[in-house]
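Engineer: Contents are mmCIF, C-alpha atoms; file name protein03.cif:
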data_coords
loop_
_atom_site.label_atom_id
_atom_site.label_comp_id
_atom_site.auth_asym_id
_atom_site.auth_seq_id
_atom_site.Cartn_x
_atom_site.Cartn_y
_atom_site.Cartn_z
CA ALA G 180 -25.18 -34.19 48.65
CA GLN G 181 -22.89 -31.22 48.43
CA THR G 182 -19.14 -31.73 48.64
CA VAL G 183 -16.28 -29.26 48.86
CA THR G 184 -12.75 -30.17 47.82
CA GLN G 185 -9.54 -28.34 48.59
CA SER G 186 -6.73 -30.06 46.73
CA GLN G 187 -3.82 -28.23 48.39
CA PRO G 188 -3.20 -29.52 51.94
CA GLU G 189 -0.34 -27.07 52.47
CA MET G 190 1.11 -23.98 50.84
CA SER G 191 3.96 -21.69 51.70
CA VAL G 192 4.93 -18.29 50.26
CA GLN G 193 7.15 -15.37 51.13
CA GLU G 194 5.78 -12.28 52.74
CA ALA G 195 4.38 -9.73 50.25
CA GLU G 196 3.82 -12.38 47.58
CA THR G 197 0.44 -13.23 46.11
CA VAL G 198 -1.01 -16.68 46.77
CA THR G 199 -4.07 -18.45 45.40
CA LEU G 200 -5.90 -21.22 47.25
CA SER G 201 -8.06 -23.59 45.23
CA CYS G 202 -11.53 -24.90 45.96
CA THR G 203 -14.01 -26.89 43.93
CA TYR G 204 -17.48 -27.98 44.93
CA ASP G 205 -20.27 -30.18 43.73
CA THR G 206 -23.95 -29.34 43.96
CA SER G 207 -27.15 -29.64 42.00
CA GLU G 208 -28.51 -26.40 43.43
CA ASN G 209 -28.52 -23.20 41.43
CA ASN G 210 -28.61 -20.72 44.31
CA TYR G 211 -26.09 -20.94 47.11
CA TYR G 212 -23.38 -19.13 49.02
CA LEU G 213 -19.68 -19.82 49.12
CA PHE G 214 -17.31 -18.77 51.87
CA TRP G 215 -13.69 -18.73 52.86
CA TYR G 216 -12.98 -19.01 56.56
CA LYS G 217 -9.61 -18.51 58.21
CA GLN G 218 -8.51 -20.42 61.30
CA PRO G 219 -5.32 -19.05 62.87
CA PRO G 220 -3.47 -20.91 65.64
CA SER G 221 -5.91 -19.41 68.14
CA ARG G 222 -8.43 -21.81 66.43
CA GLN G 223 -11.05 -19.09 66.09
CA MET G 224 -13.00 -19.46 62.82
CA ILE G 225 -13.01 -16.09 61.07
CA LEU G 226 -15.03 -15.26 57.97
CA VAL G 227 -12.74 -13.91 55.26
CA ILE G 228 -15.04 -13.44 52.31
CA ARG G 229 -18.32 -14.68 50.85
CA GLN G 230 -19.85 -14.96 47.41
CA GLU G 231 -23.48 -15.27 46.38
CA ALA G 232 -23.84 -17.65 43.45
CA TYR G 233 -26.32 -15.40 41.66
CA LYS G 234 -23.80 -12.57 41.52
CA GLN G 235 -21.42 -12.64 38.60
CA GLN G 236 -19.06 -10.10 40.10
CA ASN G 237 -16.27 -11.62 42.14
CA ALA G 238 -16.24 -10.59 45.79
CA THR G 239 -13.32 -8.61 47.19
CA GLU G 240 -12.35 -7.65 50.73
CA ASN G 241 -9.22 -5.52 50.84
CA ARG G 242 -6.31 -7.86 50.02
CA PHE G 243 -8.63 -10.86 49.61
CA SER G 244 -10.50 -11.62 46.41
CA VAL G 245 -12.12 -14.63 44.84
CA ASN G 246 -12.31 -16.09 41.37
CA PHE G 247 -15.77 -17.61 41.15
CA GLN G 248 -16.38 -19.81 38.13
CA LYS G 249 -19.93 -21.10 38.48
CA ALA G 250 -19.95 -23.35 35.44
CA ALA G 251 -16.72 -24.99 36.55
CA LYS G 252 -17.85 -25.03 40.19
CA SER G 253 -14.62 -23.42 41.22
CA PHE G 254 -14.07 -20.85 43.95
CA SER G 255 -10.47 -19.84 44.52
CA LEU G 256 -9.15 -17.32 47.05
CA LYS G 257 -6.40 -14.88 46.15
CA ILE G 258 -4.43 -13.16 48.87
CA SER G 259 -2.42 -10.19 47.64
CA ASP G 260 0.55 -8.66 49.44
CA SER G 261 0.54 -11.53 51.93
CA GLN G 262 1.36 -10.76 55.56
CA LEU G 263 2.72 -12.86 58.40
CA GLY G 264 -0.69 -12.62 60.06
CA ASP G 265 -2.24 -14.44 57.13
CA THR G 266 -0.62 -17.66 58.35
CA ALA G 267 -3.55 -19.96 59.14
CA MET G 268 -5.73 -22.81 57.97
CA TYR G 269 -8.13 -21.71 55.27
CA PHE G 270 -11.43 -23.48 54.75
CA CYS G 271 -13.69 -23.21 51.75
CA ALA G 272 -17.37 -23.74 52.57
CA PHE G 273 -20.72 -24.07 50.79
CA ILE G 274 -24.30 -23.56 51.90
CA GLY G 275 -27.41 -23.97 49.79
CA ILE G 276 -30.26 -21.50 49.96
CA GLN G 277 -32.93 -24.11 49.52
CA GLY G 278 -33.18 -27.45 51.22
CA ALA G 279 -30.78 -28.30 54.01
CA GLN G 280 -29.22 -25.21 55.53
CA LYS G 281 -25.93 -26.92 56.29
CA LEU G 282 -22.55 -25.27 55.85
CA VAL G 283 -20.27 -27.90 54.31
CA PHE G 284 -16.52 -27.43 54.65
CA GLY G 285 -13.55 -28.56 52.64
CA GLN G 286 -10.61 -30.23 54.32
CA GLY G 287 -8.65 -27.00 54.54
CA THR G 288 -5.34 -25.62 53.26
CA ARG G 289 -2.57 -24.81 55.71
CA LEU G 290 -0.98 -21.56 54.53
CA THR G 291 2.34 -20.38 55.89
CA ILE G 292 3.69 -16.91 55.16
CA ASN G 293 7.46 -16.79 55.59
CA PRO G 294 9.34 -13.62 56.53
CA ASP B 72 -22.41 -8.01 70.79
CA ALA B 73 -20.04 -10.43 72.52
CA GLY B 74 -20.35 -12.95 69.74
CA VAL B 75 -20.99 -16.64 70.20
CA ILE B 76 -19.88 -17.70 73.66
CA GLN B 77 -18.81 -21.24 74.41
CA SER B 78 -17.80 -22.89 77.66
CA PRO B 79 -15.63 -24.46 78.78
CA ARG B 80 -12.67 -23.53 76.56
CA HIS B 81 -10.83 -26.66 77.61
CA GLU B 82 -12.01 -29.84 79.25
CA VAL B 83 -10.02 -32.87 80.25
CA THR B 84 -11.96 -35.84 81.51
CA GLU B 85 -11.67 -39.56 81.92
CA MET B 86 -13.34 -42.16 79.78
CA GLY B 87 -16.86 -42.89 80.92
CA GLN B 88 -17.52 -39.46 82.39
CA GLU B 89 -20.32 -37.19 81.24
CA VAL B 90 -19.31 -34.06 79.36
CA THR B 91 -21.52 -31.02 78.80
CA LEU B 92 -20.54 -28.25 76.44
CA ARG B 93 -22.43 -24.98 76.46
CA CYS B 94 -23.18 -22.30 73.91
CA LYS B 95 -24.79 -18.89 73.93
CA PRO B 96 -25.57 -17.73 70.37
CA ILE B 97 -25.64 -14.15 69.18
CA SER B 98 -28.82 -12.43 70.29
CA GLY B 99 -31.39 -12.38 67.50
CA HIS B 100 -29.85 -15.27 65.57
CA ASN B 101 -32.39 -17.97 64.78
CA SER B 102 -30.10 -20.80 63.72
CA LEU B 103 -27.55 -22.63 65.85
CA PHE B 104 -25.03 -25.22 64.75
CA TRP B 105 -22.69 -27.65 66.53
CA TYR B 106 -19.55 -28.72 64.66
CA ARG B 107 -16.74 -31.08 65.60
CA GLN B 108 -13.20 -30.64 64.32
CA THR B 109 -10.57 -33.38 64.25
CA MET B 110 -7.41 -33.85 62.28
CA MET B 111 -8.73 -36.96 60.59
CA ARG B 112 -12.23 -35.84 59.69
CA GLY B 113 -11.96 -32.06 59.53
CA LEU B 114 -15.05 -30.01 60.36
CA GLU B 115 -18.21 -32.07 60.69
CA LEU B 116 -21.70 -30.74 61.32
CA LEU B 117 -23.24 -32.63 64.22
CA ILE B 118 -26.63 -30.96 64.54
CA TYR B 119 -28.38 -27.70 63.83
CA PHE B 120 -31.42 -25.91 65.20
CA ASN B 121 -33.81 -23.39 63.71
CA ASN B 122 -35.86 -21.40 66.22
CA ASN B 123 -34.79 -23.81 68.98
CA VAL B 124 -36.04 -26.85 67.07
CA PRO B 125 -33.55 -29.54 65.95
CA ILE B 126 -33.72 -29.71 62.17
CA ASP B 127 -31.00 -32.18 61.25
CA ASP B 128 -29.11 -34.40 63.68
CA SER B 129 -27.82 -36.84 61.09
CA GLY B 130 -24.26 -35.89 61.95
CA MET B 131 -24.53 -36.94 65.58
CA PRO B 132 -22.16 -39.91 65.76
CA GLU B 133 -24.14 -42.14 68.08
CA ASP B 134 -26.59 -42.24 70.93
CA ARG B 135 -23.94 -41.13 73.40
CA PHE B 136 -24.30 -37.65 71.91
CA SER B 137 -27.30 -35.43 72.58
CA ALA B 138 -28.02 -31.74 72.07
CA LYS B 139 -30.68 -29.44 73.40
CA MET B 140 -31.74 -25.88 72.88
CA PRO B 141 -34.23 -25.03 75.65
CA ASN B 142 -34.43 -21.38 74.63
CA ALA B 143 -33.12 -18.95 72.03
CA SER B 144 -30.09 -18.00 74.09
CA PHE B 145 -28.70 -21.34 75.21
CA SER B 146 -27.74 -24.73 73.85
CA THR B 147 -25.89 -27.74 75.23
CA LEU B 148 -24.07 -30.66 73.67
CA LYS B 149 -23.76 -33.64 75.98
CA ILE B 150 -21.63 -36.75 75.65
CA GLN B 151 -22.44 -39.63 77.97
CA PRO B 152 -20.41 -41.73 78.43
CA SER B 153 -17.38 -40.09 76.87
CA GLU B 154 -14.69 -42.09 75.03
CA PRO B 155 -11.13 -41.19 73.95
CA ARG B 156 -12.22 -41.00 70.29
CA ASP B 157 -14.50 -38.11 71.24
CA SER B 158 -11.42 -35.93 71.80
CA ALA B 159 -11.80 -32.97 69.45
CA VAL B 160 -12.58 -29.29 69.27
CA TYR B 161 -16.31 -28.63 69.37
CA PHE B 162 -17.56 -25.43 67.79
CA CYS B 163 -20.88 -23.74 68.20
CA ALA B 164 -22.00 -21.27 65.54
CA SER B 165 -25.08 -19.15 64.95
CA SER B 166 -26.59 -17.32 62.00
CA PRO B 167 -29.50 -14.94 61.46
CA GLY B 168 -31.34 -17.68 59.55
CA GLN B 169 -33.81 -15.27 58.01
CA GLY B 170 -34.17 -13.58 54.65
CA GLY B 171 -31.52 -11.19 53.53
CA SER B 172 -27.96 -11.45 52.32
CA GLY B 173 -26.57 -12.27 55.73
CA ALA B 174 -29.03 -15.03 56.57
CA ASN B 175 -26.58 -17.85 56.00
CA VAL B 176 -23.43 -16.28 57.40
CA LEU B 177 -22.27 -18.32 60.37
CA THR B 178 -20.43 -16.73 63.26
CA PHE B 179 -18.39 -19.21 65.27
CA GLY B 180 -17.54 -19.38 68.92
CA ALA B 181 -13.97 -19.92 70.08
CA GLY B 182 -14.52 -23.65 70.45
CA SER B 183 -14.26 -26.11 73.33
CA ARG B 184 -11.25 -28.42 73.26
CA LEU B 185 -12.20 -31.77 74.75
CA THR B 186 -9.65 -34.37 75.77
CA VAL B 187 -10.91 -37.74 76.97
CA LEU B 188 -8.24 -39.85 78.64
#
I need this file expressed as structure tokens, please.

Structural biologist:
Amino acid sequence: AQTVTQSQPEMSVQEAETVTLSCTYDTSENNYYLFWYKQPPSRQMILVIRQEAYKQQNATENRFSVNFQKAAKSFSLKISDSQLGDTAMYFCAFIGIQGAQKLVFGQGTRLTINP
Amino acid sequence: DAGVIQSPRHEVTEMGQEVTLRCKPISGHNSLFWYRQTMMRGLELLIYFNNNVPIDDSGMPEDRFSAKMPNASFSTLKIQPSEPRDSAVYFCASSPGQGGSGANVLTFGAGSRLTVL
């Protein structure tokens, strides 16, 4: 079974700083997708960024980028020039391409951006 | 597209009552998922459907929970009878579920917050 682990329950940085959220996962599959979702206080789950395992290039979306290390099964999220609106819970998630099509989530990291 | 629509947004009920949560997926999406979120257990997949057919309901906690998808545009999650430990936020999500790079990208509804007294 796939598992996703986020080892940082909470993080806090100052506005405009760069912050990196960690995520590791365990799977025996070779092809899969990885995601970061953001959940602000409104509780809406918002897709931040996704990475296909077969792509070596790390995904980027404006201020958000990932460091995908397939061999190490690591998938960290870097937020550059952090903004107050980035304050939220961040969830790392995994879904396999073959077999069960279930999106498995980590426990989340609560990120606070301080003014 | 209006996205995934869930109702009600909030529900407060008493123990023993029946609760029905509703979901309208994004038009054209073939896969639908029900998740439950609690502080203790995080986000748990309860059940998911492909083309209206339940594929995996191993996450449904017990027989008090049931889910249906009578057509491609509607799904329900029912709890009968409800108990205080069922208090949580219930999310519905849908995905295209077909080939292509976006097949496995889930779009979530706003969630239904259930409180069972």

Engineer: May I have a table of the residues of chain G lying at most 9 Å from chain B, giving each one's closest pair of atoms and their distance in Å to one decimal, counting only C-alpha atoms, ordered by chain and ascending residue number, as CSV?

Structural biologist:
residue,atom,partner,partner_atom,distance
G:Tyr212,CA,B:Asn175,CA,7.8
G:Phe214,CA,B:Val176,CA,8.6
G:Ser221,CA,B:Ala181,CA,8.3
G:Arg222,CA,B:Ala181,CA,6.9
G:Gln223,CA,B:Ala181,CA,5.0
G:Met224,CA,B:Phe179,CA,5.9
G:Ile225,CA,B:Phe179,CA,7.5
G:Leu226,CA,B:Thr178,CA,7.7
G:Arg229,CA,B:Val176,CA,8.5
G:Glu231,CA,B:Ser172,CA,8.4
G:Ile274,CA,B:Asn175,CA,7.4
G:Gly275,CA,B:Asn175,CA,8.8
G:Ile276,CA,B:Asn175,CA,8.0
G:Ala279,CA,B:Asp127,CA,8.2
G:Gln280,CA,B:Asn175,CA,7.8
G:Lys281,CA,B:Leu116,CA,7.6
G:Leu282,CA,B:Leu116,CA,7.8
G:Val283,CA,B:Leu116,CA,7.7
G:Phe284,CA,B:Leu114,CA,6.4
G:Gly285,CA,B:Gly113,CA,7.9
G:Gln286,CA,B:Gly113,CA,5.7
G:Gly287,CA,B:Gly113,CA,7.8

Engineer: Can you write just those residues out, C-alpha atoms, as a PDB file, in the frame of the given file?

Structural biologist:
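part-v5.pdb was written with the following content:
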ATOM      1  CA  TYR G 212     -23.380 -19.130  49.020  1.00  0.00           C
ATOM      2  CA  PHE G 214     -17.310 -18.770  51.870  1.00  0.00           C
ATOM      3  CA  SER G 221      -5.910 -19.410  68.140  1.00  0.00           C
ATOM      4  CA  ARG G 222      -8.430 -21.810  66.430  1.00  0.00           C
ATOM      5  CA  GLN G 223     -11.050 -19.090  66.090  1.00  0.00           C
ATOM      6  CA  MET G 224     -13.000 -19.460  62.820  1.00  0.00           C
ATOM      7  CA  ILE G 225     -13.010 -16.090  61.070  1.00  0.00           C
ATOM      8  CA  LEU G 226     -15.030 -15.260  57.970  1.00  0.00           C
ATOM      9  CA  ARG G 229     -18.320 -14.680  50.850  1.00  0.00           C
ATOM     10  CA  GLU G 231     -23.480 -15.270  46.380  1.00  0.00           C
ATOM     11  CA  ILE G 274     -24.300 -23.560  51.900  1.00  0.00           C
ATOM     12  CA  GLY G 275     -27.410 -23.970  49.790  1.00  0.00           C
ATOM     13  CA  ILE G 276     -30.260 -21.500  49.960  1.00  0.00           C
ATOM     14  CA  ALA G 279     -30.780 -28.300  54.010  1.00  0.00           C
ATOM     15  CA  GLN G 280     -29.220 -25.210  55.530  1.00  0.00           C
ATOM     16  CA  LYS G 281     -25.930 -26.920  56.290  1.00  0.00           C
ATOM     17  CA  LEU G 282     -22.550 -25.270  55.850  1.00  0.00           C
ATOM     18  CA  VAL G 283     -20.270 -27.900  54.310  1.00  0.00           C
ATOM     19  CA  PHE G 284     -16.520 -27.430  54.650  1.00  0.00           C
ATOM     20  CA  GLY G 285     -13.550 -28.560  52.640  1.00  0.00           C
ATOM     21  CA  GLN G 286     -10.610 -30.230  54.320  1.00  0.00           C
ATOM     22  CA  GLY G 287      -8.650 -27.000  54.540  1.00  0.00           C
TER      23      GLY G 287
END

Engineer: Any idea what's packed within 12 Å of Glu189 in chain G, counting all atoms listed in the file, ignoring anything in its chain fewer than 2 positions away? Could you give it as a ChimeraX atom specification?

Structural biologist: /G:185-187,191-192,198-201,266-270,286-292

Engineer: Taking the file above as input, evaluate the PyMOL selection byres ((chain B and resi 144-154) around 9) and report the hits as number ranges by chain.

Structural biologist: B: 84-100, 103, 105, 123, 134-143, 155-158, 163, 187-188

Engineer: Mind giving me the axis-aligned box for range 72-83 of chain B with 3 Å on every side, centre plus edges in Å to one decimal, as JSON?

Structural biologist:
{"center_x": -16.2, "center_y": -20.4, "center_z": 75.0, "size_x": 18.4, "size_y": 30.9, "size_z": 16.5}

Engineer: So how far away is CA of Pro220 in chain G from CA of Asp260 in chain G, in Å?

Structural biologist: 20.7 Å

Engineer: Record the distance separating CA of Thr239 in chain G and CA of Thr197 in chain G, expressed in Å with one decimal.

Structural biologist: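 Separating CA of Thr239 in chain G from CA of Thr197 in chain G is a distance of 14.6 Å.
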
Engineer: Report, in Å with one decimal, the straight-line distance from CA of Gln108 in chain B to CA of Ala238 in chain G.

Structural biologist: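 About the pair CA of Gln108 in chain B and CA of Ala238 in chain G: they are 27.5 Å apart.
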
Engineer: Given the point (-24.6, -18.2, 42.6) in the file's coordinates, find the residues that have an atom at most 9 Å from it, counting all atoms listed in the file, and give them as a PyMOL selection string.

Structural biologist: chain G and resi 209-213+230-235+247+249

Engineer: Given the file shown, enumerate the residues that the PyMOL selection byres ((chain G and resi 245) around 8) captures and present them as a PDB file with C-alpha atoms, in the frame of the given file.

Structural biologist:
ATOM      1  CA  ASN G 237     -16.270 -11.620  42.140  1.00  0.00           C
ATOM      2  CA  ALA G 238     -16.240 -10.590  45.790  1.00  0.00           C
ATOM      3  CA  THR G 239     -13.320  -8.610  47.190  1.00  0.00           C
ATOM      4  CA  PHE G 243      -8.630 -10.860  49.610  1.00  0.00           C
ATOM      5  CA  SER G 244     -10.500 -11.620  46.410  1.00  0.00           C
ATOM      6  CA  ASN G 246     -12.310 -16.090  41.370  1.00  0.00           C
ATOM      7  CA  PHE G 247     -15.770 -17.610  41.150  1.00  0.00           C
ATOM      8  CA  PHE G 254     -14.070 -20.850  43.950  1.00  0.00           C
ATOM      9  CA  SER G 255     -10.470 -19.840  44.520  1.00  0.00           C
ATOM     10  CA  LEU G 256      -9.150 -17.320  47.050  1.00  0.00           C
ATOM     11  CA  LYS G 257      -6.400 -14.880  46.150  1.00  0.00           C
TER      12      LYS G 257
END

Engineer: Point out the residue among B:Ser166, B:Ser129, B:Thr109, B:Asn122 with the least atom-to-atom distance to Val75 in chain B, counting only C-alpha atoms.

Structural biologist: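 Closest residue, counting only C-alpha atoms: B:Ser166.
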
Engineer: Quick one: of B:Val83, B:Asp128, B:Leu185, B:Asn101, who's nearest to Pro167 in chain B, counting all atoms listed in the file?

Structural biologist: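 The shortest atom-to-atom distance to Pro167 in chain B comes from B:Asn101.
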
Engineer: Find the residues near Val227 in chain G: any atom within 7 Å, counting all atoms listed in the file, skip ones fewer than 3 places away on the same chain, and give them as a VMD selection string.

Structural biologist: chain G and resid 215 to 217

Engineer: Compile the contact shell of Gln262 in chain G as a PDB file with C-alpha atoms, in the coordinates of the input: residues with an atom at most 9 Å away, counting only C-alpha atoms, same-chain residues fewer than 4 positions apart removed.

Structural biologist:
ATOM      1  CA  GLN G 193       7.150 -15.370  51.130  1.00  0.00           C
ATOM      2  CA  GLU G 194       5.780 -12.280  52.740  1.00  0.00           C
ATOM      3  CA  ALA G 195       4.380  -9.730  50.250  1.00  0.00           C
ATOM      4  CA  GLU G 196       3.820 -12.380  47.580  1.00  0.00           C
ATOM      5  CA  THR G 266      -0.620 -17.660  58.350  1.00  0.00           C
ATOM      6  CA  ILE G 292       3.690 -16.910  55.160  1.00  0.00           C
ATOM      7  CA  ASN G 293       7.460 -16.790  55.590  1.00  0.00           C
ATOM      8  CA  PRO G 294       9.340 -13.620  56.530  1.00  0.00           C
TER       9      PRO G 294
END

Engineer: For Ala251 in chain G, which residue out of G:Gln277, G:Thr203, G:Thr184, G:Gln218 is the nearest one, using only C-alpha atoms?

Structural biologist: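 When distances to Ala251 in chain G are compared using only C-alpha atoms, the smallest one comes from G:Thr203.
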